[in-house]
Amino acid sequence: GEDVEQSLFLSVREGDSSVINCTYTDSSSTYLYWYKQEPGAGLQLLTYIFSNMDMKQDQRLTVLLNKKDKHLSLRIADTQTGDSAIYFCAENGNFNKFYFGSGTKLNVKP
Amino acid sequence: DAGVIQSPRHEVTEMGQEVTLRCKPISGHDYLFWYRQTMMRGLELLIYFNNNVPIDDSGMPEDRFSAKMPNASFSTLKIQPSEPRDSAVYFCASSYSGGQGAPEQYFGPGTRLTIT
């Protein structure tokens, strides 16, 4: 099946930029997603990118997609302590099924 | 809309007992997904339904797990008998296939299950 991989942990200082990386295997995915999970809560959609785009910017968030290498990244500018959470990369498959990565736990130090 | 509703939010029970987790999807959504999250295995898809019909239950760990969706607004995930290794956070998510643009899965707050 589809395999979505992420590193497990990232630690940054408040005010720095964070870059969370993801690799995926299914080149037929139409959309790629970033979800955020805060402690004790469910996953919430943060942003997504259409597979024919290579970049999408939304305020402090920048998503970069390299289709050739099947690599997706999420950059958070001016990272705040409120950004501390687990970030999941996902690709969509058939029947609205999503393939999620293992999640990257972002720790923001004050 | 209130979003995806799950109950209970927390459940602690002794091994061997039956556990029933409940989910109400967002009204109008035609897909419903059950996931399990643990530190060791991350987020696992257990089963999903389309228009109340199970499409893929290959993620269900074993026969002790069963899921039903008797109507468009209610689903249950049952574990009988429960074991300590079933301790996890169980999420329900729903989505709508008929819209334009990117499909999105909406997650409930989860049920934290502890089997002692």
# chains A, B, ... in the order shown; residues from 1 in each chain; ligands from 1
$ residues_around --residues "A:Arg75" --least-positions-apart "6" --cutoff "12 Å" --atoms "only C-alpha atoms" --output "VMD selection string"
chain A and resid 16 to 22 34 46 to 47 55 to 65 83 87 106
$ closest_atom_pairs --of "chain B" --to "chain A" --cutoff "12 Å" --atoms "only C-alpha atoms" --output "tab-separated table"
residue	atom	partner	partner_atom	distance
B:Gly3	CA	A:Gly42	CA	11.2
B:Val4	CA	A:Gly42	CA	9.9
B:Ile5	CA	A:Gly42	CA	10.9
B:Gln6	CA	A:Gly42	CA	10.6
B:Arg9	CA	A:Gly40	CA	10.1
B:His10	CA	A:Gly40	CA	10.9
B:His29	CA	A:Asn96	CA	11.2
B:Asp30	CA	A:Asn96	CA	9.8
B:Tyr31	CA	A:Asn96	CA	7.4
B:Leu32	CA	A:Asn96	CA	9.6
B:Phe33	CA	A:Lys97	CA	8.5
B:Trp34	CA	A:Lys97	CA	11.2
B:Tyr35	CA	A:Phe100	CA	10.7
B:Arg36	CA	A:Gly42	CA	11.3
B:Gln37	CA	A:Ser102	CA	9.7
B:Thr38	CA	A:Ser102	CA	10.1
B:Met39	CA	A:Ser102	CA	9.5
B:Met40	CA	A:Ser102	CA	9.7
B:Arg41	CA	A:Ser102	CA	7.8
B:Gly42	CA	A:Ser102	CA	5.2
B:Leu43	CA	A:Ser102	CA	6.4
B:Glu44	CA	A:Phe100	CA	8.3
B:Leu45	CA	A:Tyr99	CA	8.5
B:Leu46	CA	A:Lys97	CA	11.5
B:Ile47	CA	A:Lys97	CA	10.2
B:Tyr48	CA	A:Lys97	CA	8.2
B:Phe49	CA	A:Phe95	CA	9.5
B:Asn50	CA	A:Phe95	CA	8.1
B:Asn51	CA	A:Phe95	CA	11.3
B:Pro54	CA	A:Phe95	CA	11.6
B:Ile55	CA	A:Phe95	CA	8.8
B:Asp56	CA	A:Lys97	CA	9.8
B:Ser58	CA	A:Gly1	CA	11.7
B:Gly59	CA	A:Gly1	CA	12.0
B:Val89	CA	A:Gly40	CA	9.4
B:Tyr90	CA	A:Gly42	CA	9.6
B:Phe91	CA	A:Gly42	CA	7.2
B:Cys92	CA	A:Gly42	CA	9.0
B:Ala93	CA	A:Gly42	CA	9.1
B:Ser94	CA	A:Asn96	CA	9.5
B:Ser95	CA	A:Asn96	CA	7.3
B:Tyr96	CA	A:Asn96	CA	8.1
B:Ser97	CA	A:Asn96	CA	6.7
B:Gly98	CA	A:Asn96	CA	10.4
B:Gly99	CA	A:Asn96	CA	11.4
B:Gly101	CA	A:Phe50	CA	9.0
B:Ala102	CA	A:Tyr31	CA	6.6
B:Pro103	CA	A:Asn96	CA	6.6
B:Glu104	CA	A:Leu45	CA	7.6
B:Gln105	CA	A:Leu45	CA	7.9
B:Tyr106	CA	A:Gln44	CA	7.0
B:Phe107	CA	A:Gly42	CA	5.6
B:Gly108	CA	A:Gly42	CA	5.7
B:Pro109	CA	A:Gly42	CA	4.5
B:Gly110	CA	A:Gly42	CA	6.1
B:Thr111	CA	A:Gly42	CA	9.7
B:Arg112	CA	A:Gly40	CA	9.0
$ closest_residue --among "A:Ser11, A:Thr23, A:Asn52, A:Gln6" --to "A:His71" --atoms "only C-alpha atoms"
A:Thr23
$ closest_residue --among "A:Ser84, A:Ser7, A:Ser29, A:Asp54" --to "A:Lys109" --atoms "only C-alpha atoms"
A:Ser84
$ atom_distance --atom1 "atom CA of B:Ala72" --atom2 "atom CA of B:Pro8"
19.5 Å
$ residues_around --residues "B:Glu83" --least-positions-apart "6" --cutoff "10 Å" --atoms "only C-alpha atoms" --output "number ranges by chain"
B: 13-18, 64, 114-116
$ write_last_selection --atoms "N, CA, C and O atoms" --output "PDB file, in the first residue's frame"
ATOM      1  N   THR B  13     -11.745   0.530  31.533  1.00  0.00           N
ATOM      2  CA  THR B  13     -12.467  -0.687  31.820  1.00  0.00           C
ATOM      3  C   THR B  13     -11.482  -1.836  32.034  1.00  0.00           C
ATOM      4  O   THR B  13     -10.323  -1.746  31.620  1.00  0.00           O
ATOM      5  N   GLU B  14     -11.977  -2.890  32.654  1.00  0.00           N
ATOM      6  CA  GLU B  14     -11.100  -4.036  32.924  1.00  0.00           C
ATOM      7  C   GLU B  14     -11.038  -4.957  31.721  1.00  0.00           C
ATOM      8  O   GLU B  14     -12.020  -5.080  30.966  1.00  0.00           O
ATOM      9  N   MET B  15      -9.912  -5.610  31.580  1.00  0.00           N
ATOM     10  CA  MET B  15      -9.769  -6.535  30.457  1.00  0.00           C
ATOM     11  C   MET B  15     -10.850  -7.607  30.513  1.00  0.00           C
ATOM     12  O   MET B  15     -11.294  -8.014  31.595  1.00  0.00           O
ATOM     13  N   GLY B  16     -11.291  -8.015  29.333  1.00  0.00           N
ATOM     14  CA  GLY B  16     -12.346  -9.001  29.228  1.00  0.00           C
ATOM     15  C   GLY B  16     -13.725  -8.387  29.048  1.00  0.00           C
ATOM     16  O   GLY B  16     -14.653  -9.068  28.604  1.00  0.00           O
ATOM     17  N   GLN B  17     -13.853  -7.103  29.393  1.00  0.00           N
ATOM     18  CA  GLN B  17     -15.145  -6.434  29.248  1.00  0.00           C
ATOM     19  C   GLN B  17     -15.378  -6.000  27.799  1.00  0.00           C
ATOM     20  O   GLN B  17     -14.435  -5.812  27.021  1.00  0.00           O
ATOM     21  N   GLU B  18     -16.650  -5.834  27.475  1.00  0.00           N
ATOM     22  CA  GLU B  18     -16.998  -5.312  26.155  1.00  0.00           C
ATOM     23  C   GLU B  18     -16.943  -3.788  26.190  1.00  0.00           C
ATOM     24  O   GLU B  18     -17.380  -3.160  27.165  1.00  0.00           O
ATOM     25  N   ARG B  64     -11.929  -9.684  17.496  1.00  0.00           N
ATOM     26  CA  ARG B  64     -12.488  -9.069  18.694  1.00  0.00           C
ATOM     27  C   ARG B  64     -13.064  -7.683  18.370  1.00  0.00           C
ATOM     28  O   ARG B  64     -13.837  -7.134  19.139  1.00  0.00           O
ATOM     29  N   THR B 114      -8.644   3.062  27.963  1.00  0.00           N
ATOM     30  CA  THR B 114      -7.637   2.407  28.802  1.00  0.00           C
ATOM     31  C   THR B 114      -8.216   1.095  29.297  1.00  0.00           C
ATOM     32  O   THR B 114      -9.280   1.082  29.936  1.00  0.00           O
ATOM     33  N   ILE B 115      -7.523   0.021  29.003  1.00  0.00           N
ATOM     34  CA  ILE B 115      -7.940  -1.314  29.456  1.00  0.00           C
ATOM     35  C   ILE B 115      -6.955  -1.759  30.538  1.00  0.00           C
ATOM     36  O   ILE B 115      -5.752  -1.852  30.294  1.00  0.00           O
ATOM     37  N   THR B 116      -7.468  -2.014  31.716  1.00  0.00           N
ATOM     38  CA  THR B 116      -6.592  -2.382  32.850  1.00  0.00           C
ATOM     39  C   THR B 116      -6.573  -3.892  33.095  1.00  0.00           C
ATOM     40  O   THR B 116      -7.440  -4.614  32.585  1.00  0.00           O
TER      41      THR B 116
END
$ closest_residue --among "B:Glu11, B:Val19, B:Val53, B:Ala2" --to "B:Ile79" --atoms "only C-alpha atoms"
B:Val19
$ select_by_dssp --residues "stretch 5-73 of chain B" --states "strand (DSSP E or B)" --output "ChimeraX atom specification"
/B:5-7,10-13,19-24,31-38,42-50,53-56,65-71
$ decode --residues "stretch 18-51 of chain A" --atoms "N, CA and C atoms" --output "JSON list (two decimals), in the first residue's frame"
[["chain", "number", "residue", "atom", "x", "y", "z"],
["A", 18, "SER", "N", 10.32, 26.71, 11.15],
["A", 18, "SER", "CA", 10.29, 25.24, 11.27],
["A", 18, "SER", "C", 10.05, 24.67, 9.89],
["A", 19, "VAL", "N", 10.73, 23.59, 9.58],
["A", 19, "VAL", "CA", 10.49, 22.89, 8.31],
["A", 19, "VAL", "C", 10.25, 21.42, 8.62],
["A", 20, "ILE", "N", 9.06, 20.96, 8.28],
["A", 20, "ILE", "CA", 8.68, 19.57, 8.51],
["A", 20, "ILE", "C", 8.61, 18.89, 7.14],
["A", 21, "ASN", "N", 9.28, 17.76, 7.03],
["A", 21, "ASN", "CA", 9.40, 17.07, 5.74],
["A", 21, "ASN", "C", 8.61, 15.78, 5.69],
["A", 22, "CYS", "N", 8.26, 15.39, 4.49],
["A", 22, "CYS", "CA", 7.45, 14.19, 4.28],
["A", 22, "CYS", "C", 7.78, 13.61, 2.91],
["A", 23, "THR", "N", 7.84, 12.28, 2.82],
["A", 23, "THR", "CA", 7.95, 11.63, 1.52],
["A", 23, "THR", "C", 6.77, 10.69, 1.35],
["A", 24, "TYR", "N", 6.31, 10.56, 0.13],
["A", 24, "TYR", "CA", 5.16, 9.71, -0.15],
["A", 24, "TYR", "C", 5.47, 8.85, -1.36],
["A", 25, "THR", "N", 4.62, 7.86, -1.63],
["A", 25, "THR", "CA", 4.95, 6.92, -2.70],
["A", 25, "THR", "C", 3.97, 6.93, -3.86],
["A", 26, "ASP", "N", 2.72, 7.39, -3.63],
["A", 26, "ASP", "CA", 1.72, 7.27, -4.68],
["A", 26, "ASP", "C", 1.72, 8.52, -5.56],
["A", 27, "SER", "N", 2.26, 8.39, -6.75],
["A", 27, "SER", "CA", 2.36, 9.54, -7.65],
["A", 27, "SER", "C", 1.00, 9.93, -8.23],
["A", 28, "SER", "N", -0.02, 9.10, -8.02],
["A", 28, "SER", "CA", -1.34, 9.44, -8.59],
["A", 28, "SER", "C", -2.20, 10.25, -7.64],
["A", 29, "SER", "N", -1.69, 10.54, -6.44],
["A", 29, "SER", "CA", -2.48, 11.34, -5.49],
["A", 29, "SER", "C", -2.78, 12.71, -6.09],
["A", 30, "THR", "N", -4.02, 13.13, -5.94],
["A", 30, "THR", "CA", -4.43, 14.42, -6.49],
["A", 30, "THR", "C", -4.10, 15.57, -5.54],
["A", 31, "TYR", "N", -4.22, 15.29, -4.26],
["A", 31, "TYR", "CA", -3.98, 16.31, -3.24],
["A", 31, "TYR", "C", -3.05, 15.75, -2.17],
["A", 32, "LEU", "N", -2.27, 16.67, -1.59],
["A", 32, "LEU", "CA", -1.44, 16.33, -0.43],
["A", 32, "LEU", "C", -1.76, 17.31, 0.67],
["A", 33, "TYR", "N", -1.75, 16.81, 1.90],
["A", 33, "TYR", "CA", -2.32, 17.56, 3.02],
["A", 33, "TYR", "C", -1.33, 17.67, 4.18],
["A", 34, "TRP", "N", -1.54, 18.71, 4.96],
["A", 34, "TRP", "CA", -0.94, 18.80, 6.29],
["A", 34, "TRP", "C", -2.05, 18.98, 7.31],
["A", 35, "TYR", "N", -2.06, 18.09, 8.30],
["A", 35, "TYR", "CA", -2.98, 18.17, 9.41],
["A", 35, "TYR", "C", -2.20, 18.49, 10.68],
["A", 36, "LYS", "N", -2.87, 19.15, 11.63],
["A", 36, "LYS", "CA", -2.26, 19.50, 12.91],
["A", 36, "LYS", "C", -3.07, 18.85, 14.02],
["A", 37, "GLN", "N", -2.38, 18.24, 14.99],
["A", 37, "GLN", "CA", -3.05, 17.67, 16.15],
["A", 37, "GLN", "C", -2.49, 18.30, 17.41],
["A", 38, "GLU", "N", -3.33, 19.05, 18.10],
["A", 38, "GLU", "CA", -2.92, 19.64, 19.38],
["A", 38, "GLU", "C", -3.18, 18.61, 20.48],
["A", 39, "PRO", "N", -2.51, 18.77, 21.62],
["A", 39, "PRO", "CA", -2.64, 17.78, 22.70],
["A", 39, "PRO", "C", -4.10, 17.54, 23.08],
["A", 40, "GLY", "N", -4.48, 16.28, 23.15],
["A", 40, "GLY", "CA", -5.82, 15.92, 23.59],
["A", 40, "GLY", "C", -6.92, 16.18, 22.59],
["A", 41, "ALA", "N", -6.56, 16.46, 21.35],
["A", 41, "ALA", "CA", -7.57, 16.80, 20.35],
["A", 41, "ALA", "C", -7.42, 15.92, 19.12],
["A", 42, "GLY", "N", -8.41, 16.02, 18.24],
["A", 42, "GLY", "CA", -8.34, 15.31, 16.98],
["A", 42, "GLY", "C", -7.50, 16.07, 15.97],
["A", 43, "LEU", "N", -7.35, 15.50, 14.78],
["A", 43, "LEU", "CA", -6.57, 16.14, 13.73],
["A", 43, "LEU", "C", -7.43, 17.21, 13.05],
["A", 44, "GLN", "N", -6.78, 18.33, 12.72],
["A", 44, "GLN", "CA", -7.47, 19.40, 12.00],
["A", 44, "GLN", "C", -6.68, 19.74, 10.75],
["A", 45, "LEU", "N", -7.40, 19.95, 9.66],
["A", 45, "LEU", "CA", -6.74, 20.31, 8.42],
["A", 45, "LEU", "C", -6.07, 21.67, 8.56],
["A", 46, "LEU", "N", -4.79, 21.70, 8.21],
["A", 46, "LEU", "CA", -4.02, 22.94, 8.26],
["A", 46, "LEU", "C", -3.99, 23.57, 6.86],
["A", 47, "THR", "N", -3.62, 22.80, 5.89],
["A", 47, "THR", "CA", -3.54, 23.25, 4.51],
["A", 47, "THR", "C", -3.41, 22.05, 3.59],
["A", 48, "TYR", "N", -3.61, 22.29, 2.30],
["A", 48, "TYR", "CA", -3.39, 21.22, 1.33],
["A", 48, "TYR", "C", -2.85, 21.86, 0.05],
["A", 49, "ILE", "N", -2.31, 21.01, -0.82],
["A", 49, "ILE", "CA", -1.80, 21.50, -2.10],
["A", 49, "ILE", "C", -2.25, 20.55, -3.20],
["A", 50, "PHE", "N", -2.64, 21.11, -4.29],
["A", 50, "PHE", "CA", -3.03, 20.33, -5.46],
["A", 50, "PHE", "C", -1.76, 19.80, -6.10],
["A", 51, "SER", "N", -1.81, 18.59, -6.63],
["A", 51, "SER", "CA", -0.59, 17.92, -7.07],
["A", 51, "SER", "C", 0.07, 18.57, -8.28]]
